[in-house]
Amino acid sequence: MKRIRWGRVLGVLVLPCLLGALALAGRAAWRSEQYFHYPKPAAVLPEDFGSAREVTLRTDDGVELRGWYVPSRNKAAWVLAHGLSQTRMDSLPEARVLRDAGYGVLLFDLRAHGQSGGETSTWGDKERQDVRAALAYVRAQPDVDPARVGALGFSIGSAAVAEVAAKDPQVAAVVLLSPFNTLWLAAAYDFRRFGVVTQTGALVPFWRRGIALEEVRTIDAVERIKPRPLFIVAGTEESGQPLLDELFAHVAPYAQTWRIAGASHGNFAAAAPTEYPRRLREFADSALKPVAPSVETPVAPAVEEKAPAKKPSRRTKKAAAR
């Protein structure tokens with residue numbers, strides 16, 4: 001009888017808790033799943049980008065990416081990678097600043113965004129292949145010095161850029177806008193209220209798609225980017241400020257950082273319409289300035305030293321006189 005009573009008591013207590021946990025996890029999984037469903041509008045070339053040409057890139061895993069390339073006027077160029085649920089159109093504020101400064105600019109739609117192919121976004125995981133394809137295209141352009149190519153990414157684009165730059169020393173400079181420390185934290189941070197229950201639920205859509213959560217770690221990648229120029233920008237109104245505090249403190253010894261007051265996730269040009277373009281251009285100009293050719297100091301030809309002529313002795317003079 002006692003065993004039966006205790007079983008009933010445990011059932012009354014445990015079962016509701018278990019059902020509640022499953023409900024919370026299921027709701028978190030459903031909300032997280034929505035991140036993978038978004039509109040995919042076609043990009044429309046702005047009138048002030050008349051010099052841009054349509055380009056098609058192909059990644060190592062066969063995904064076709066669409067973009068625009070503005071030729072360089074100063075032999076340097078930038079690759080721009082947008083964020084989740086965006087298109088190349090969202091990179092136009094940065095593209096205008098860099099283009100007006102003479103840089104070549106490649107804007108493109110990441111996989112599963114805009115007019116590019118691909119079945120799903122992977123939040124910076126497979127997008128690493130997208131960034132590599134973009135860099136390869138720009139470096140092959142006759143108007144570009146391959147040693148003067150930088151990469152700029154926003155949000156999931158910043159994760160892909162950081163990972164690629166960490167392994168590719170040819171990326172001469174890096175700009176990370178609204179980066180996240182790790183993909184795991186980015187996926188689970190907003191679901192931390194009920195701890196492991198909701199965070200685990202939030203990760204289900206990522207696991208289901210085979211996304212390598214543990215491989216995308218910006219906070220580790222930045223260590224391998226130094227001593228190359230690195231500029232990290234974020235807003236004071238973004239979620240995850242404690243994570244940004246950690247990242248900014250981590251890179252403080254070797255990177256430029258800026259927290260824009262009043263800015264949320266992005267919208268930097270609107271929050272700081274004068275300061276943001278100025279700082280971005282100053283960084284680009286400093287990071288990708290031409291490398292002055294080394295000038296060898298001319299070496300004077302060696303001069304053979306002759307021993308001073310000896311004065312003839314008196315005896316020699318007399319002999320000569322005879």
# chains A, B, ... in the order shown; residues from 1 in each chain; ligands from 1
$ residues_around --residues "Gln86 (chain A)" --least-positions-apart "4" --cutoff "8 Å" --atoms "only C-alpha atoms" --output "list in words"
Lys40, His82, Asp90, His113 and Gly114 of chain A
$ write_last_selection --atoms "N, CA, C and O atoms" --output "PDB file, in the first residue's frame"
ATOM      1  N   LYS A  40      12.495  36.287 -48.954  1.00  0.00           N
ATOM      2  CA  LYS A  40      13.711  36.322 -49.773  1.00  0.00           C
ATOM      3  C   LYS A  40      13.500  37.275 -50.954  1.00  0.00           C
ATOM      4  O   LYS A  40      13.364  36.851 -52.103  1.00  0.00           O
ATOM      5  N   HIS A  82      26.192  39.928 -45.326  1.00  0.00           N
ATOM      6  CA  HIS A  82      25.060  40.445 -44.547  1.00  0.00           C
ATOM      7  C   HIS A  82      24.646  39.496 -43.422  1.00  0.00           C
ATOM      8  O   HIS A  82      25.267  38.446 -43.211  1.00  0.00           O
ATOM      9  N   ASP A  90      21.067  45.118 -47.717  1.00  0.00           N
ATOM     10  CA  ASP A  90      21.278  45.604 -46.356  1.00  0.00           C
ATOM     11  C   ASP A  90      22.719  46.014 -46.103  1.00  0.00           C
ATOM     12  O   ASP A  90      23.008  46.642 -45.082  1.00  0.00           O
ATOM     13  N   HIS A 113      19.438  33.012 -49.050  1.00  0.00           N
ATOM     14  CA  HIS A 113      18.978  34.392 -48.895  1.00  0.00           C
ATOM     15  C   HIS A 113      18.869  35.044 -50.270  1.00  0.00           C
ATOM     16  O   HIS A 113      19.640  34.715 -51.183  1.00  0.00           O
ATOM     17  N   GLY A 114      17.952  35.977 -50.397  1.00  0.00           N
ATOM     18  CA  GLY A 114      17.825  36.734 -51.626  1.00  0.00           C
ATOM     19  C   GLY A 114      17.720  35.849 -52.853  1.00  0.00           C
ATOM     20  O   GLY A 114      16.901  34.940 -52.929  1.00  0.00           O
TER      21      GLY A 114
END
$ residues_around --residues "Leu22 (chain A)" --least-positions-apart "4" --cutoff "8 Å" --atoms "only C-alpha atoms" --output "PyMOL selection string"
chain A and resi 18+26+197
$ atom_distance --atom1 "CA of Leu65 (chain A)" --atom2 "CA of Leu177 (chain A)"
21.7 Å
$ closest_residue --among "A:Asp285, A:Glu238, A:Glu214, A:Asp190" --to "Ser155 (chain A)" --atoms "only C-alpha atoms"
A:Glu238
$ atom_distance --atom1 "CA of Val44 (chain A)" --atom2 "CA of Gly124 (chain A)"
24.7 Å
$ closest_residue --among "A:His265, A:Arg58, A:Arg96, A:His250" --to "Thr218 (chain A)" --atoms "only C-alpha atoms"
A:His250
$ residues_around --residues "Gly210 (chain A)" --least-positions-apart "5" --cutoff "12 Å" --atoms "only C-alpha atoms" --output "list in words"
Thr120, Ser121, Thr122, Trp123, Asp125, Lys126, Leu203, Val204, Pro205 and Glu215 of chain A
$ residues_around --residues "region 164-169 of chain A" --least-positions-apart "5" --cutoff "12 Å" --atoms "only C-alpha atoms" --output "ChimeraX atom specification"
/A:79,81,124-136,146-153,157-159,174-176,215-230
